[in-house]
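**Q** What follows is my_file36.tsv, made up of TSV, C-alpha atoms:
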```
chain	number	residue	atom	x	y	z
B	1	MET	CA	-121.61	-15.44	-73.86
B	2	GLU	CA	-123.81	-16.33	-76.80
B	3	SER	CA	-126.05	-19.37	-76.71
B	4	ALA	CA	-125.96	-22.14	-79.29
B	5	GLN	CA	-129.31	-20.91	-80.61
B	6	GLU	CA	-127.96	-17.38	-81.17
B	7	LEU	CA	-124.89	-18.72	-82.94
B	8	LYS	CA	-127.16	-20.75	-85.19
B	9	LEU	CA	-129.22	-17.66	-86.05
B	10	PHE	CA	-126.09	-15.69	-86.93
B	11	ALA	CA	-124.80	-18.52	-89.11
B	12	GLU	CA	-128.14	-18.82	-90.91
B	13	ALA	CA	-128.27	-15.06	-91.48
B	14	SER	CA	-124.76	-15.12	-92.93
B	15	LEU	CA	-125.63	-17.94	-95.33
B	16	SER	CA	-128.85	-16.17	-96.32
B	17	ASN	CA	-126.93	-12.97	-97.11
B	18	GLN	CA	-124.40	-14.87	-99.18
B	19	ALA	CA	-127.24	-16.51	-101.11
B	20	ALA	CA	-128.82	-13.10	-101.71
B	21	ALA	CA	-125.52	-11.80	-103.10
B	22	LYS	CA	-125.27	-14.83	-105.39
B	23	HIS	CA	-128.84	-14.37	-106.64
B	24	PHE	CA	-128.14	-10.67	-107.16
B	25	GLY	CA	-125.23	-11.50	-109.43
B	26	ILE	CA	-127.29	-14.03	-111.38
B	27	ALA	CA	-130.24	-11.66	-111.76
B	28	VAL	CA	-128.13	-8.70	-112.88
B	29	GLY	CA	-126.18	-10.95	-115.24
B	30	GLY	CA	-129.46	-12.20	-116.71
B	31	LEU	CA	-130.70	-8.64	-117.12
B	32	ILE	CA	-127.52	-7.68	-118.97
B	33	GLY	CA	-127.84	-10.81	-121.09
B	34	LEU	CA	-131.42	-9.94	-122.02
B	35	PHE	CA	-130.50	-6.53	-123.34
B	36	THR	CA	-127.45	-7.94	-125.10
B	37	VAL	CA	-129.67	-10.42	-126.93
B	38	GLY	CA	-132.07	-7.60	-127.73
B	39	HIS	CA	-129.26	-5.58	-129.27
B	40	TRP	CA	-128.10	-8.40	-131.55
B	41	VAL	CA	-131.66	-9.31	-132.52
B	42	GLN	CA	-132.18	-5.71	-133.54
B	43	ARG	CA	-129.03	-5.71	-135.65
B	44	PHE	CA	-129.96	-9.01	-137.26
B	45	SER	CA	-133.53	-7.88	-137.95
B	46	ARG	CA	-132.28	-4.82	-139.82
B	47	ARG	CA	-131.03	-7.21	-142.47
B	48	ARG	CA	-133.94	-9.61	-142.26
B	49	ARG	CA	-136.76	-7.42	-141.09
B	50	GLY	CA	-139.51	-9.94	-141.73
B	51	TYR	CA	-137.76	-12.86	-140.00
B	52	ALA	CA	-137.22	-11.37	-136.52
B	53	LYS	CA	-139.98	-8.78	-136.39
B	54	LEU	CA	-141.71	-10.26	-133.36
B	55	LEU	CA	-138.54	-10.72	-131.32
B	56	ASP	CA	-137.37	-7.29	-132.35
B	57	GLY	CA	-140.55	-5.78	-130.94
B	58	VAL	CA	-140.43	-7.69	-127.68
B	59	LEU	CA	-136.72	-7.44	-126.93
B	60	THR	CA	-135.79	-4.06	-128.31
B	61	GLN	CA	-138.64	-1.71	-129.10
B	62	ARG	CA	-140.19	-2.14	-125.67
B	63	LEU	CA	-136.88	-2.09	-123.86
B	64	LYS	CA	-135.42	1.13	-125.17
B	65	GLY	CA	-134.33	3.91	-122.87
B	66	HIS	CA	-133.46	3.64	-119.20
B	67	LEU	CA	-136.92	3.22	-117.69
B	68	VAL	CA	-137.17	-0.55	-118.12
B	69	PRO	CA	-133.58	-1.51	-117.12
B	70	VAL	CA	-133.63	0.81	-114.11
B	71	SER	CA	-137.06	-0.45	-113.04
B	72	ALA	CA	-135.93	-4.07	-113.39
B	73	TYR	CA	-132.74	-3.31	-111.48
B	74	LEU	CA	-134.65	-1.69	-108.63
B	75	ALA	CA	-137.09	-4.61	-108.56
B	76	ILE	CA	-134.18	-7.04	-108.17
B	77	ASN	CA	-132.86	-4.99	-105.28
B	78	ILE	CA	-136.19	-4.73	-103.50
B	79	ILE	CA	-136.97	-8.42	-103.82
B	80	LEU	CA	-133.57	-9.55	-102.56
B	81	THR	CA	-133.57	-7.02	-99.74
B	82	PHE	CA	-136.61	-8.56	-98.08
B	83	THR	CA	-136.31	-12.22	-99.12
B	84	ASN	CA	-135.22	-14.76	-96.47
B	85	VAL	CA	-134.43	-12.14	-93.84
B	86	ASN	CA	-134.59	-13.12	-90.18
B	87	TRP	CA	-136.84	-10.52	-88.54
B	88	THR	CA	-136.10	-11.54	-84.95
B	89	MET	CA	-133.38	-8.87	-84.76
B	90	GLN	CA	-133.33	-5.51	-86.47
B	91	THR	CA	-129.62	-5.85	-87.09
B	92	PHE	CA	-130.22	-8.87	-89.31
B	93	LEU	CA	-132.04	-6.54	-91.70
B	94	ALA	CA	-129.17	-4.07	-91.35
B	95	GLU	CA	-126.73	-6.79	-92.40
B	96	ARG	CA	-128.78	-7.55	-95.49
B	97	LEU	CA	-128.82	-3.85	-96.38
B	98	GLY	CA	-125.04	-3.81	-96.01
B	99	TRP	CA	-124.64	-6.79	-98.33
B	100	MET	CA	-126.91	-5.15	-100.90
B	101	ALA	CA	-124.85	-1.96	-100.69
B	102	LEU	CA	-121.68	-3.92	-101.47
B	103	CYS	CA	-123.35	-5.79	-104.35
B	104	ASN	CA	-124.54	-2.55	-105.90
B	105	LEU	CA	-121.12	-0.99	-105.43
B	106	CYS	CA	-119.54	-3.80	-107.46
B	107	VAL	CA	-122.00	-3.23	-110.32
B	108	ALA	CA	-121.48	0.54	-110.14
B	109	VAL	CA	-117.71	0.10	-110.44
B	110	PHE	CA	-118.13	-2.25	-113.41
B	111	LEU	CA	-120.46	0.15	-115.22
B	112	GLY	CA	-118.17	3.07	-114.47
B	113	LEU	CA	-115.19	1.58	-116.29
B	114	LYS	CA	-114.15	3.67	-119.28
B	115	ASN	CA	-113.47	0.57	-121.40
B	116	THR	CA	-116.12	-1.74	-120.00
B	117	PRO	CA	-116.65	-4.84	-122.20
B	118	LEU	CA	-120.38	-4.28	-121.86
B	119	SER	CA	-120.31	-1.36	-124.29
B	120	PRO	CA	-119.43	-3.25	-127.52
B	121	VAL	CA	-121.29	-6.41	-126.49
B	122	ALA	CA	-124.58	-4.67	-125.66
B	123	GLY	CA	-124.19	-1.99	-128.30
B	124	LYS	CA	-124.38	0.86	-125.79
B	125	SER	CA	-122.22	3.97	-125.73
B	126	TYR	CA	-120.12	4.91	-122.70
B	127	GLU	CA	-122.43	7.85	-122.05
B	128	SER	CA	-125.50	5.61	-122.02
B	129	ILE	CA	-123.89	3.08	-119.66
B	130	ASN	CA	-122.64	5.91	-117.46
B	131	VAL	CA	-126.24	6.91	-116.79
B	132	LEU	CA	-126.87	3.41	-115.44
B	133	HIS	CA	-123.64	3.70	-113.46
B	134	ARG	CA	-125.03	6.77	-111.70
B	135	TYR	CA	-128.29	5.00	-110.87
B	136	CYS	CA	-126.32	2.13	-109.35
B	137	GLY	CA	-124.19	4.60	-107.43
B	138	TYR	CA	-127.23	6.34	-105.96
B	139	THR	CA	-128.70	2.96	-105.03
B	140	THR	CA	-125.45	2.01	-103.30
B	141	ILE	CA	-125.45	5.18	-101.23
B	142	LEU	CA	-129.11	4.73	-100.33
B	143	TYR	CA	-128.41	1.21	-99.09
B	144	MET	CA	-125.43	2.45	-97.10
B	145	VAL	CA	-127.54	5.11	-95.37
B	146	LEU	CA	-130.30	2.60	-94.63
B	147	HIS	CA	-127.76	0.05	-93.38
B	148	SER	CA	-126.20	2.55	-90.97
B	149	THR	CA	-129.53	3.90	-89.74
B	150	VAL	CA	-131.15	0.51	-89.17
B	151	TYR	CA	-128.01	-0.91	-87.57
B	152	VAL	CA	-127.53	1.94	-85.08
B	153	SER	CA	-131.25	1.98	-84.32
B	154	GLY	CA	-131.22	-1.77	-83.67
B	155	LEU	CA	-128.26	-1.47	-81.31
B	156	TYR	CA	-129.90	1.42	-79.46
B	157	LYS	CA	-133.13	-0.50	-78.88
B	158	VAL	CA	-131.29	-3.29	-77.06
B	159	GLY	CA	-128.82	-1.02	-75.29
B	160	ALA	CA	-125.81	-2.27	-77.22
B	161	LEU	CA	-124.36	0.90	-78.71
B	162	PHE	CA	-121.02	-0.12	-77.18
B	163	VAL	CA	-120.65	-2.41	-80.22
B	164	LEU	CA	-119.90	0.71	-82.28
B	165	MET	CA	-116.64	1.12	-80.34
B	166	ASP	CA	-115.20	-1.94	-82.07
B	167	PRO	CA	-112.32	-0.97	-84.42
B	168	LYS	CA	-114.09	-2.78	-87.28
B	169	GLN	CA	-116.96	-0.35	-86.92
B	170	TYR	CA	-114.57	2.56	-87.48
B	171	ALA	CA	-113.61	1.07	-90.84
B	172	ALA	CA	-117.26	0.61	-91.77
B	173	ALA	CA	-118.04	4.20	-90.75
B	174	THR	CA	-115.13	5.40	-92.89
B	175	ALA	CA	-116.53	3.54	-95.89
B	176	GLY	CA	-119.97	5.08	-95.31
B	177	LEU	CA	-118.61	8.59	-94.94
B	178	SER	CA	-116.54	8.12	-98.09
B	179	LEU	CA	-119.66	7.25	-100.07
B	180	LEU	CA	-121.36	10.41	-98.85
B	181	ILE	CA	-118.33	12.44	-99.94
B	182	LEU	CA	-118.55	10.67	-103.28
B	183	LEU	CA	-122.17	11.79	-103.58
B	184	VAL	CA	-121.26	15.40	-102.81
B	185	SER	CA	-118.41	15.28	-105.34
B	186	THR	CA	-120.95	14.89	-108.15
B	187	LEU	CA	-121.61	18.62	-107.76
B	188	ILE	CA	-118.25	19.36	-109.40
B	189	ARG	CA	-118.56	16.73	-112.13
B	190	LYS	CA	-119.34	19.17	-114.93
B	191	ARG	CA	-117.04	22.00	-113.81
B	192	GLN	CA	-114.00	20.03	-112.65
B	193	TYR	CA	-114.32	16.68	-114.38
B	194	GLU	CA	-110.70	15.59	-113.96
B	195	LEU	CA	-110.79	16.40	-110.24
B	196	PHE	CA	-114.09	14.56	-109.99
B	197	VAL	CA	-112.63	11.44	-111.63
B	198	THR	CA	-109.58	11.53	-109.34
B	199	LEU	CA	-111.74	11.84	-106.23
B	200	HIS	CA	-113.99	9.13	-107.59
B	201	LEU	CA	-111.14	6.65	-107.98
B	202	CYS	CA	-109.55	7.47	-104.62
B	203	ILE	CA	-112.81	7.27	-102.68
B	204	VAL	CA	-113.98	4.07	-104.39
B	205	GLY	CA	-110.61	2.51	-103.62
B	206	LEU	CA	-110.99	3.51	-99.96
B	207	VAL	CA	-114.53	2.14	-99.82
B	208	LEU	CA	-113.48	-1.18	-101.34
B	209	ALA	CA	-110.55	-1.41	-98.92
B	210	THR	CA	-112.79	-0.90	-95.90
B	211	GLY	CA	-115.99	-2.39	-97.33
B	212	GLU	CA	-115.28	-5.84	-95.95
B	213	CYS	CA	-116.39	-4.70	-92.52
B	214	SER	CA	-119.65	-3.17	-93.62
B	215	PRO	CA	-121.75	-6.18	-94.71
B	216	ASN	CA	-119.94	-8.47	-92.29
B	217	SER	CA	-120.08	-6.14	-89.32
B	218	ASP	CA	-120.81	-7.99	-86.14
B	219	SER	CA	-124.50	-7.79	-85.34
B	220	ARG	CA	-124.29	-9.92	-82.27
B	221	MET	CA	-125.58	-8.28	-79.15
```
Before we go any further, please render this structure as structure tokens.
**A**
Amino acid sequence: MESAQELKLFAEASLSNQAAAKHFGIAVGGLIGLFTVGHWVQRFSRRRRGYAKLLDGVLTQRLKGHLVPVSAYLAINIILTFTNVNWTMQTFLAERLGWMALCNLCVAVFLGLKNTPLSPVAGKSYESINVLHRYCGYTTILYMVLHSTVYVSGLYKVGALFVLMDPKQYAAATAGLSLLILLVSTLIRKRQYELFVTLHLCIVGLVLATGECSPNSDSRM
């Protein structure tokens, strides 16, 4: 039976993970907003080149391509992965990795939409946004692998691998395996695009249906 102190640690970890997810949404939203502003400043400065020259240079000329947005996106992930994590148990870190995987999955799904509202607002083509979608997808899968590895390792160290026999863990494992299949399916993207899209939609739907168990999987030992 768990002590009051352990229950308090689990509650604090849960609140910390929820806060990290909230900050992730705010940070990514701010990043999107920055590039949206840059796009409209650029359009405005084409008509009044002298008026917005400085802003045009700061917000658009230096932010072209995928290097800056991808770097900023990765920085957000790294910072939130290791901020306010309880290091007393390895599985607390695993939980945070699971939450980050789910957050990235949500962004990847949004960027993968064929008619995403981001395209006209930010002035980016579907092809350009799809590149960012793939980066987010790879980040999601990386977090999933890290989450699974750290979680199983943490359970093994304290002799609690029996936790993996919980039915909820089966659902989480299914979600993780589905993401790996999704990664492998990219090999047929160019040759069998329609099949790739169909697999994409089916697997993402399966992951979202079972994803609830992944970040919230019971780390109590």
**Q** B:Ala27: which residues within 9 Å, counting only C-alpha atoms, same-chain residues fewer than 5 positions away excluded, as a list in words?
**A** Lys22, Ile32, Tyr73 and Ile76 of chain B
**Q** Tell me which of B:Trp87, B:Phe35, B:Tyr151, B:Trp99 sits closest to B:Ala21, counting all atoms listed in the file.
**A**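 Looking only at the distances to B:Ala21, the closest residue turns out to be B:Trp99.
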**Q** What's the 8 Å shell around B:Ile203, counting only C-alpha atoms, without same-chain residues fewer than 5 positions away, as a PDB file with C-alpha atoms, in the coordinates of the input?
**A**
```pdb
ATOM      1  CA  SER B 178    -116.540   8.120 -98.090  1.00  0.00           C
ATOM      2  CA  LEU B 179    -119.660   7.250-100.070  1.00  0.00           C
ATOM      3  CA  LEU B 182    -118.550  10.670-103.280  1.00  0.00           C
TER       4      LEU B 182
END
```
**Q** Taking all atoms listed in the file into account, which of B:Ala171, B:Leu183, B:Ile141, B:Ala72 comes nearest B:Ala101?
**A**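 Going through B:Ala171, B:Leu183, B:Ile141, B:Ala72 one by one, the smallest distance to B:Ala101 is for B:Ile141.
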**Q** What's the 12 Å shell around B:Ala13, counting only C-alpha atoms, without same-chain residues fewer than 4 positions away, as a list in words?
**A** Glu6, Leu7, Lys8, Leu9, Asn17, Gln18, Ala19, Ala20, Thr83, Asn84, Val85, Asn86, Trp87, Thr88, Met89, Gln90, Thr91, Phe92, Leu93, Ala94, Glu95, Arg96, Trp99, Pro215, Asn216, Asp218, Ser219 and Arg220 of chain B
**Q** Quote the spacing between atom CA of B:Thr81 and atom CA of B:Gly159 in Å to one decimal place.
**A** 25.6 Å
**Q** With only C-alpha atoms as the basis for distance, which of B:Leu199, B:Leu164, B:Val152, B:Val70 is at the shortest distance from B:Val131?
**A**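 The shortest atom-to-atom distance to B:Val131 comes from B:Val70.
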**Q** Separation of atom CA of B:Arg134 and atom CA of B:Leu177, in Å?
**A**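 Separating atom CA of B:Arg134 from atom CA of B:Leu177 is a distance of 18.0 Å.
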**Q** Please provide the set of residues having any atom within 7 Å of B:Gly112, restricted to only C-alpha atoms, with same-chain residues fewer than 2 positions apart removed, written as a PyMOL selection string.
**A** chain B and resi 108-110+114+130+133
